[in-house]
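So this block is input-v1.txt, compact mmCIF, N, CA and C atoms:
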```txt
# COMPACT_ATOMS: atom_id res chain seq x y z
N MET A 1 0.84 -1.17 0.00
CA MET A 1 0.00 0.00 0.00
C MET A 1 0.88 1.22 0.00
N GLY A 2 0.64 2.11 -0.87
CA GLY A 2 1.51 3.26 -0.95
C GLY A 2 0.75 4.55 -0.90
N GLY A 3 1.46 5.60 -1.12
CA GLY A 3 0.87 6.92 -1.10
C GLY A 3 0.56 7.40 -2.50
N ARG A 4 -0.36 8.36 -2.58
CA ARG A 4 -0.65 9.03 -3.84
C ARG A 4 -0.17 10.45 -3.71
N GLN A 5 0.12 11.06 -4.81
CA GLN A 5 0.55 12.45 -4.77
C GLN A 5 -0.17 13.24 -5.84
N ALA A 6 -0.28 14.53 -5.58
CA ALA A 6 -0.85 15.45 -6.56
C ALA A 6 0.02 16.70 -6.56
N THR A 7 0.10 17.35 -7.69
CA THR A 7 0.89 18.56 -7.80
C THR A 7 -0.04 19.76 -7.89
N THR A 8 0.25 20.78 -7.09
CA THR A 8 -0.53 22.01 -7.12
C THR A 8 0.41 23.14 -7.45
N ALA A 9 0.21 23.77 -8.58
CA ALA A 9 1.08 24.88 -8.99
C ALA A 9 0.72 26.13 -8.21
N ARG A 10 1.73 26.92 -7.86
CA ARG A 10 1.52 28.20 -7.22
C ARG A 10 1.90 29.28 -8.21
N PRO A 11 1.29 30.45 -8.11
CA PRO A 11 1.59 31.51 -9.07
C PRO A 11 3.07 31.88 -9.06
N GLY A 12 3.60 32.26 -10.22
CA GLY A 12 5.00 32.67 -10.31
C GLY A 12 5.22 34.04 -9.72
N ARG A 13 6.44 34.38 -9.48
CA ARG A 13 6.79 35.69 -8.94
C ARG A 13 6.78 36.72 -10.06
N ALA A 14 6.78 37.99 -9.68
CA ALA A 14 6.74 39.07 -10.66
C ALA A 14 7.93 39.02 -11.61
N CYS A 15 9.07 38.53 -11.14
CA CYS A 15 10.25 38.49 -11.99
C CYS A 15 10.20 37.35 -12.99
N GLY A 16 9.17 36.51 -12.90
CA GLY A 16 9.02 35.42 -13.85
C GLY A 16 9.63 34.11 -13.38
N ALA A 17 10.27 34.10 -12.20
CA ALA A 17 10.85 32.86 -11.68
C ALA A 17 9.72 31.93 -11.24
N ALA A 18 9.90 30.64 -11.47
CA ALA A 18 8.90 29.67 -11.07
C ALA A 18 8.97 29.42 -9.57
N VAL A 19 7.82 29.36 -8.94
CA VAL A 19 7.74 29.01 -7.53
C VAL A 19 7.55 27.50 -7.47
N PRO A 20 8.27 26.80 -6.58
CA PRO A 20 8.11 25.35 -6.52
C PRO A 20 6.66 24.97 -6.26
N SER A 21 6.21 23.93 -6.93
CA SER A 21 4.84 23.47 -6.73
C SER A 21 4.77 22.62 -5.47
N GLY A 22 3.59 22.56 -4.91
CA GLY A 22 3.37 21.71 -3.76
C GLY A 22 2.80 20.38 -4.21
N ARG A 23 2.89 19.40 -3.34
CA ARG A 23 2.36 18.08 -3.66
C ARG A 23 1.53 17.57 -2.50
N LYS A 24 0.41 17.00 -2.83
CA LYS A 24 -0.46 16.37 -1.84
C LYS A 24 -0.13 14.88 -1.84
N ILE A 25 0.15 14.35 -0.67
CA ILE A 25 0.47 12.93 -0.52
C ILE A 25 -0.62 12.30 0.33
N VAL A 26 -1.20 11.19 -0.12
CA VAL A 26 -2.21 10.48 0.65
C VAL A 26 -1.70 9.06 0.88
N ILE A 27 -1.64 8.68 2.16
CA ILE A 27 -1.22 7.32 2.53
C ILE A 27 -2.40 6.66 3.22
N PRO A 28 -2.95 5.59 2.63
CA PRO A 28 -4.13 4.96 3.21
C PRO A 28 -3.81 4.27 4.54
N PRO A 29 -4.83 3.97 5.35
CA PRO A 29 -4.60 3.24 6.59
C PRO A 29 -3.83 1.94 6.33
N GLY A 30 -2.81 1.70 7.11
CA GLY A 30 -1.98 0.51 6.93
C GLY A 30 -0.90 0.67 5.88
N GLY A 31 -0.91 1.76 5.14
CA GLY A 31 0.05 1.97 4.06
C GLY A 31 1.35 2.58 4.54
N CYS A 32 2.32 2.56 3.66
CA CYS A 32 3.60 3.20 3.96
C CYS A 32 4.30 3.54 2.65
N THR A 33 5.34 4.33 2.77
CA THR A 33 6.04 4.85 1.59
C THR A 33 7.17 3.96 1.10
N GLY A 34 7.67 3.08 1.95
CA GLY A 34 8.90 2.35 1.64
C GLY A 34 10.09 3.24 1.96
N TRP A 35 11.25 2.65 2.10
CA TRP A 35 12.47 3.40 2.39
C TRP A 35 12.82 4.25 1.18
N HIS A 36 13.17 5.51 1.40
CA HIS A 36 13.51 6.41 0.30
C HIS A 36 14.24 7.64 0.85
N PHE A 37 14.72 8.47 -0.05
CA PHE A 37 15.27 9.77 0.33
C PHE A 37 14.87 10.76 -0.74
N HIS A 38 15.13 12.03 -0.49
CA HIS A 38 14.76 13.10 -1.43
C HIS A 38 16.00 13.85 -1.88
N ARG A 39 15.97 14.34 -3.10
CA ARG A 39 17.10 15.11 -3.64
C ARG A 39 17.18 16.51 -3.08
N VAL A 40 16.03 17.02 -2.62
CA VAL A 40 15.97 18.37 -2.06
C VAL A 40 15.21 18.32 -0.74
N ARG A 41 15.37 19.35 0.06
CA ARG A 41 14.66 19.47 1.32
C ARG A 41 13.16 19.56 1.05
N LEU A 42 12.37 18.91 1.91
CA LEU A 42 10.92 19.00 1.84
C LEU A 42 10.38 19.63 3.12
N ASP A 43 9.45 20.55 2.98
CA ASP A 43 8.71 21.09 4.11
C ASP A 43 7.33 20.48 4.02
N ALA A 44 6.86 19.88 5.12
CA ALA A 44 5.59 19.15 5.08
C ALA A 44 4.63 19.61 6.17
N VAL A 45 3.34 19.55 5.84
CA VAL A 45 2.26 19.83 6.79
C VAL A 45 1.36 18.60 6.78
N VAL A 46 0.99 18.12 7.96
CA VAL A 46 0.06 17.00 8.07
C VAL A 46 -1.35 17.59 8.09
N LEU A 47 -2.09 17.36 7.01
CA LEU A 47 -3.45 17.90 6.90
C LEU A 47 -4.49 17.00 7.57
N ALA A 48 -4.22 15.69 7.62
CA ALA A 48 -5.14 14.74 8.24
C ALA A 48 -4.37 13.49 8.65
N GLY A 49 -4.87 12.82 9.67
CA GLY A 49 -4.27 11.56 10.11
C GLY A 49 -3.02 11.76 10.94
N THR A 50 -2.35 10.64 11.20
CA THR A 50 -1.11 10.64 11.97
C THR A 50 -0.06 9.86 11.19
N LEU A 51 1.05 10.53 10.88
CA LEU A 51 2.16 9.91 10.15
C LEU A 51 3.23 9.49 11.14
N THR A 52 3.67 8.26 11.03
CA THR A 52 4.80 7.76 11.83
C THR A 52 5.97 7.58 10.88
N ARG A 53 7.06 8.31 11.14
CA ARG A 53 8.26 8.23 10.28
C ARG A 53 9.36 7.48 11.02
N VAL A 54 10.04 6.60 10.30
CA VAL A 54 11.23 5.92 10.81
C VAL A 54 12.40 6.51 10.04
N LEU A 55 13.35 7.09 10.78
CA LEU A 55 14.47 7.78 10.15
C LEU A 55 15.66 6.85 9.98
N HIS A 56 16.68 7.33 9.27
CA HIS A 56 17.86 6.54 8.93
C HIS A 56 18.55 5.93 10.16
N ASP A 57 18.47 6.60 11.30
CA ASP A 57 19.11 6.09 12.52
C ASP A 57 18.15 5.29 13.39
N ARG A 58 17.00 4.91 12.82
CA ARG A 58 15.94 4.16 13.46
C ARG A 58 15.15 4.95 14.50
N THR A 59 15.36 6.25 14.54
CA THR A 59 14.54 7.12 15.38
C THR A 59 13.13 7.13 14.81
N VAL A 60 12.14 7.15 15.68
CA VAL A 60 10.75 7.20 15.25
C VAL A 60 10.18 8.57 15.62
N GLU A 61 9.53 9.22 14.65
CA GLU A 61 8.87 10.50 14.87
C GLU A 61 7.41 10.35 14.49
N VAL A 62 6.53 10.90 15.33
CA VAL A 62 5.09 10.85 15.07
C VAL A 62 4.60 12.27 14.82
N HIS A 63 3.88 12.44 13.71
CA HIS A 63 3.38 13.75 13.30
C HIS A 63 1.86 13.67 13.17
N ARG A 64 1.17 14.46 14.00
CA ARG A 64 -0.30 14.47 14.00
C ARG A 64 -0.84 15.61 13.14
N THR A 65 -2.14 15.55 12.86
CA THR A 65 -2.81 16.60 12.09
C THR A 65 -2.44 17.98 12.63
N GLY A 66 -2.08 18.87 11.70
CA GLY A 66 -1.76 20.24 12.05
C GLY A 66 -0.30 20.49 12.35
N THR A 67 0.52 19.44 12.38
CA THR A 67 1.94 19.64 12.66
C THR A 67 2.73 19.74 11.36
N THR A 68 3.93 20.24 11.47
CA THR A 68 4.83 20.37 10.32
C THR A 68 6.13 19.67 10.63
N PHE A 69 6.86 19.33 9.57
CA PHE A 69 8.20 18.77 9.74
C PHE A 69 9.00 19.02 8.47
N VAL A 70 10.30 18.85 8.58
CA VAL A 70 11.22 19.03 7.45
C VAL A 70 11.92 17.70 7.20
N GLU A 71 12.01 17.33 5.93
CA GLU A 71 12.81 16.17 5.54
C GLU A 71 14.04 16.70 4.83
N PRO A 72 15.23 16.56 5.44
CA PRO A 72 16.46 17.03 4.79
C PRO A 72 16.75 16.23 3.52
N ALA A 73 17.52 16.81 2.64
CA ALA A 73 17.87 16.17 1.37
C ALA A 73 19.05 15.22 1.54
N GLY A 74 19.11 14.24 0.65
CA GLY A 74 20.30 13.41 0.51
C GLY A 74 20.19 12.00 1.04
N ILE A 75 21.10 11.16 0.56
CA ILE A 75 21.14 9.74 0.91
C ILE A 75 21.37 9.53 2.40
N GLY A 76 21.93 10.51 3.08
CA GLY A 76 22.13 10.40 4.53
C GLY A 76 20.85 10.55 5.33
N HIS A 77 19.74 10.78 4.64
CA HIS A 77 18.47 11.00 5.33
C HIS A 77 17.39 10.04 4.82
N ILE A 78 17.76 8.76 4.72
CA ILE A 78 16.81 7.72 4.32
C ILE A 78 15.73 7.62 5.40
N HIS A 79 14.49 7.42 4.97
CA HIS A 79 13.39 7.29 5.91
C HIS A 79 12.21 6.59 5.25
N LEU A 80 11.23 6.24 6.06
CA LEU A 80 9.96 5.74 5.53
C LEU A 80 8.85 6.31 6.37
N GLY A 81 7.66 6.38 5.79
CA GLY A 81 6.48 6.87 6.49
C GLY A 81 5.43 5.78 6.56
N HIS A 82 4.86 5.61 7.75
CA HIS A 82 3.79 4.62 7.98
C HIS A 82 2.51 5.35 8.35
N ASN A 83 1.40 4.79 7.93
CA ASN A 83 0.10 5.20 8.45
C ASN A 83 -0.39 4.04 9.31
N LEU A 84 -0.22 4.16 10.61
CA LEU A 84 -0.62 3.10 11.53
C LEU A 84 -2.05 3.32 12.03
N GLY A 85 -2.68 4.39 11.56
CA GLY A 85 -4.02 4.73 12.03
C GLY A 85 -5.12 4.13 11.18
N THR A 86 -6.35 4.60 11.43
CA THR A 86 -7.53 4.08 10.74
C THR A 86 -8.09 5.05 9.70
N GLU A 87 -7.50 6.24 9.58
CA GLU A 87 -7.92 7.19 8.56
C GLU A 87 -6.73 7.53 7.67
N PRO A 88 -6.97 7.98 6.44
CA PRO A 88 -5.84 8.32 5.56
C PRO A 88 -4.97 9.43 6.15
N VAL A 89 -3.67 9.33 5.91
CA VAL A 89 -2.75 10.42 6.22
C VAL A 89 -2.71 11.29 4.97
N VAL A 90 -2.91 12.58 5.14
CA VAL A 90 -2.84 13.52 4.03
C VAL A 90 -1.76 14.54 4.37
N LEU A 91 -0.76 14.62 3.51
CA LEU A 91 0.34 15.56 3.69
C LEU A 91 0.33 16.56 2.55
N TYR A 92 0.82 17.75 2.81
CA TYR A 92 1.09 18.71 1.75
C TYR A 92 2.56 19.07 1.88
N VAL A 93 3.32 18.81 0.84
CA VAL A 93 4.76 19.08 0.88
C VAL A 93 5.14 20.08 -0.20
N THR A 94 6.14 20.86 0.09
CA THR A 94 6.63 21.84 -0.88
C THR A 94 8.10 21.57 -1.17
N PRO A 95 8.35 20.70 -2.14
CA PRO A 95 9.72 20.46 -2.56
C PRO A 95 10.15 21.49 -3.59
N ALA A 96 11.41 21.81 -3.60
CA ALA A 96 11.96 22.72 -4.61
C ALA A 96 12.38 21.90 -5.82
N LEU A 97 11.42 21.34 -6.54
CA LEU A 97 11.68 20.47 -7.68
C LEU A 97 11.04 21.03 -8.94
N PRO A 98 11.77 21.01 -10.04
CA PRO A 98 11.12 21.35 -11.31
C PRO A 98 10.14 20.24 -11.71
N GLU A 99 9.11 20.59 -12.42
CA GLU A 99 8.13 19.62 -12.90
C GLU A 99 8.84 18.49 -13.65
N GLY A 100 8.43 17.26 -13.40
CA GLY A 100 9.01 16.11 -14.08
C GLY A 100 10.19 15.48 -13.35
N THR A 101 10.65 16.10 -12.27
CA THR A 101 11.75 15.54 -11.50
C THR A 101 11.19 14.51 -10.52
N PRO A 102 11.83 13.35 -10.37
CA PRO A 102 11.33 12.37 -9.40
C PRO A 102 11.21 12.97 -8.01
N PHE A 103 10.11 12.67 -7.36
CA PHE A 103 9.82 13.19 -6.03
C PHE A 103 10.72 12.56 -4.97
N ALA A 104 10.94 11.27 -5.06
CA ALA A 104 11.74 10.55 -4.07
C ALA A 104 12.50 9.44 -4.77
N ILE A 105 13.59 9.01 -4.15
CA ILE A 105 14.42 7.96 -4.72
C ILE A 105 14.33 6.74 -3.81
N PRO A 106 13.76 5.62 -4.28
CA PRO A 106 13.69 4.42 -3.44
C PRO A 106 15.09 3.91 -3.15
N THR A 107 15.25 3.33 -1.98
CA THR A 107 16.56 2.84 -1.58
C THR A 107 16.40 1.69 -0.60
N PRO A 108 17.40 0.83 -0.47
CA PRO A 108 17.31 -0.22 0.54
C PRO A 108 17.29 0.39 1.94
N ALA A 109 16.81 -0.37 2.89
CA ALA A 109 16.80 0.07 4.29
C ALA A 109 18.22 0.35 4.76
N PRO A 110 18.40 1.32 5.66
CA PRO A 110 19.73 1.58 6.20
C PRO A 110 20.19 0.43 7.07
N ALA A 111 21.49 0.35 7.32
CA ALA A 111 22.08 -0.72 8.14
C ALA A 111 21.38 -0.80 9.48
N GLY A 112 20.99 -2.00 9.88
CA GLY A 112 20.36 -2.22 11.16
C GLY A 112 18.85 -2.06 11.16
N ALA A 113 18.29 -1.51 10.10
CA ALA A 113 16.84 -1.34 10.02
C ALA A 113 16.21 -2.56 9.35
N THR A 114 14.96 -2.76 9.59
CA THR A 114 14.25 -3.89 9.01
C THR A 114 13.90 -3.60 7.56
N PRO A 115 14.48 -4.33 6.61
CA PRO A 115 14.18 -4.05 5.21
C PRO A 115 12.75 -4.37 4.82
N ALA A 116 12.10 -5.29 5.53
CA ALA A 116 10.74 -5.70 5.17
C ALA A 116 9.69 -4.94 5.98
N ALA A 117 10.05 -3.81 6.59
CA ALA A 117 9.11 -3.06 7.44
C ALA A 117 7.91 -2.58 6.65
N CYS A 118 8.03 -2.56 5.36
CA CYS A 118 7.00 -1.95 4.53
C CYS A 118 6.99 -2.62 3.18
N ARG A 119 6.62 -3.86 3.13
CA ARG A 119 6.74 -4.65 1.90
C ARG A 119 5.79 -4.25 0.80
N SER A 120 4.65 -3.66 1.13
CA SER A 120 3.61 -3.50 0.11
C SER A 120 3.43 -2.08 -0.40
N HIS A 121 4.44 -1.23 -0.30
CA HIS A 121 4.28 0.13 -0.82
C HIS A 121 4.22 0.11 -2.34
N LYS A 122 3.58 1.12 -2.89
CA LYS A 122 3.44 1.21 -4.34
C LYS A 122 4.51 2.14 -4.88
N PRO A 123 5.20 1.75 -5.94
CA PRO A 123 6.22 2.61 -6.53
C PRO A 123 5.68 3.95 -7.01
N SER A 124 4.35 4.09 -7.19
CA SER A 124 3.80 5.36 -7.68
C SER A 124 4.11 6.52 -6.74
N TYR A 125 4.39 6.25 -5.48
CA TYR A 125 4.76 7.30 -4.53
C TYR A 125 5.98 8.06 -5.04
N PHE A 126 6.85 7.38 -5.76
CA PHE A 126 8.10 7.97 -6.21
C PHE A 126 7.98 8.63 -7.58
N SER A 127 6.83 8.54 -8.19
CA SER A 127 6.63 9.10 -9.53
C SER A 127 6.56 10.62 -9.50
N ALA A 128 6.99 11.24 -10.58
CA ALA A 128 6.87 12.70 -10.70
C ALA A 128 5.51 13.10 -11.24
N ASP A 129 4.75 12.15 -11.76
CA ASP A 129 3.45 12.45 -12.34
C ASP A 129 2.39 12.52 -11.25
N PRO A 130 1.55 13.55 -11.25
CA PRO A 130 0.51 13.63 -10.24
C PRO A 130 -0.52 12.52 -10.43
N VAL A 131 -1.05 12.04 -9.32
CA VAL A 131 -2.07 11.02 -9.37
C VAL A 131 -3.44 11.67 -9.30
N GLU A 132 -3.55 12.76 -8.54
CA GLU A 132 -4.83 13.42 -8.34
C GLU A 132 -4.59 14.92 -8.28
N ALA A 133 -5.16 15.65 -9.18
CA ALA A 133 -4.96 17.10 -9.19
C ALA A 133 -5.84 17.75 -8.14
N THR A 134 -5.32 18.82 -7.50
CA THR A 134 -6.12 19.56 -6.52
C THR A 134 -6.30 20.99 -6.98
```
Go ahead and render the structure in this file as structure tokens.
Amino acid sequence: MGGRQATTARPGRACGAAVPSGRKIVIPPGGCTGWHFHRVRLDAVVLAGTLTRVLHDRTVEVHRTGTTFVEPAGIGHIHLGHNLGTEPVVLYVTPALPEGTPFAIPTPAPAGATPAACRSHKPSYFSADPVEAT
């Protein structure tokens, strides 16, 4: 079970520079993202549900509705997200990515972490193509 994403464009600045688009991520109950990392920093807001993140050092962070968090960029920040609740987790993230750039890079679990912690994630989470427009 994996997450879905949607891209929401924001208006450009007066100088004509593109503003990074936001993405809506939906992780169904029992779903997870699989181990991955991002090429750029992500700023995230939890719009609904409770997201449980397992970080590269096996630290666990829980993010409830209305909270925010940052995912640093790079292979040194491998993580996965679980929805252990009974309602969908809905996130809104603002990555500094040009359209068409992969959102996340799948990777094996870090040393000492359980590689099978999330066997049924869908690769579509890592796609640059929106699944649902908002």
Quick one: pull the distance between atom N of Thr107 (chain A) and CA of Val45 (chain A), Å, one decimal.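 The value is 22.8 Å.
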Shortest contact to Ile27 (chain A), candidates A:Ala113, A:Leu91, A:Ala104, A:Ile78, atoms counted only N, CA and C atoms, goes to A:Leu91
With distances taken over all atoms listed in the file, which of A:Gly81, A:Pro95, A:Pro28, A:Pro102 is nearest to Ala44 (chain A)? A:Pro95
Near-Thr65 (chain A) list (10 Å; only C-alpha atoms; drop same-chain fewer than 6 positions) as an NGL selection string: :A and (45-51 or 89-91)
Atomic separation - atom N of Pro106 (chain A) relative to atom N of Thr67 (chain A), Å: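 Straight-line distance from atom N of Thr67 (chain A) to atom N of Pro106 (chain A) works out to 25.4 Å.
CA of Leu55 (chain A) is found 11.5 Å from CA of Gly34 (chain A).
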Listed atoms of region 38-54 of chain A, axis-aligned box, 5 Å per side: centre and edge lengths to one decimal in Å, as lines of an AutoDock Vina configuration file?
```
center_x = 6.0
center_y = 13.5
center_z = 4.2
size_x = 32.3
size_y = 25.2
size_z = 25.6
```
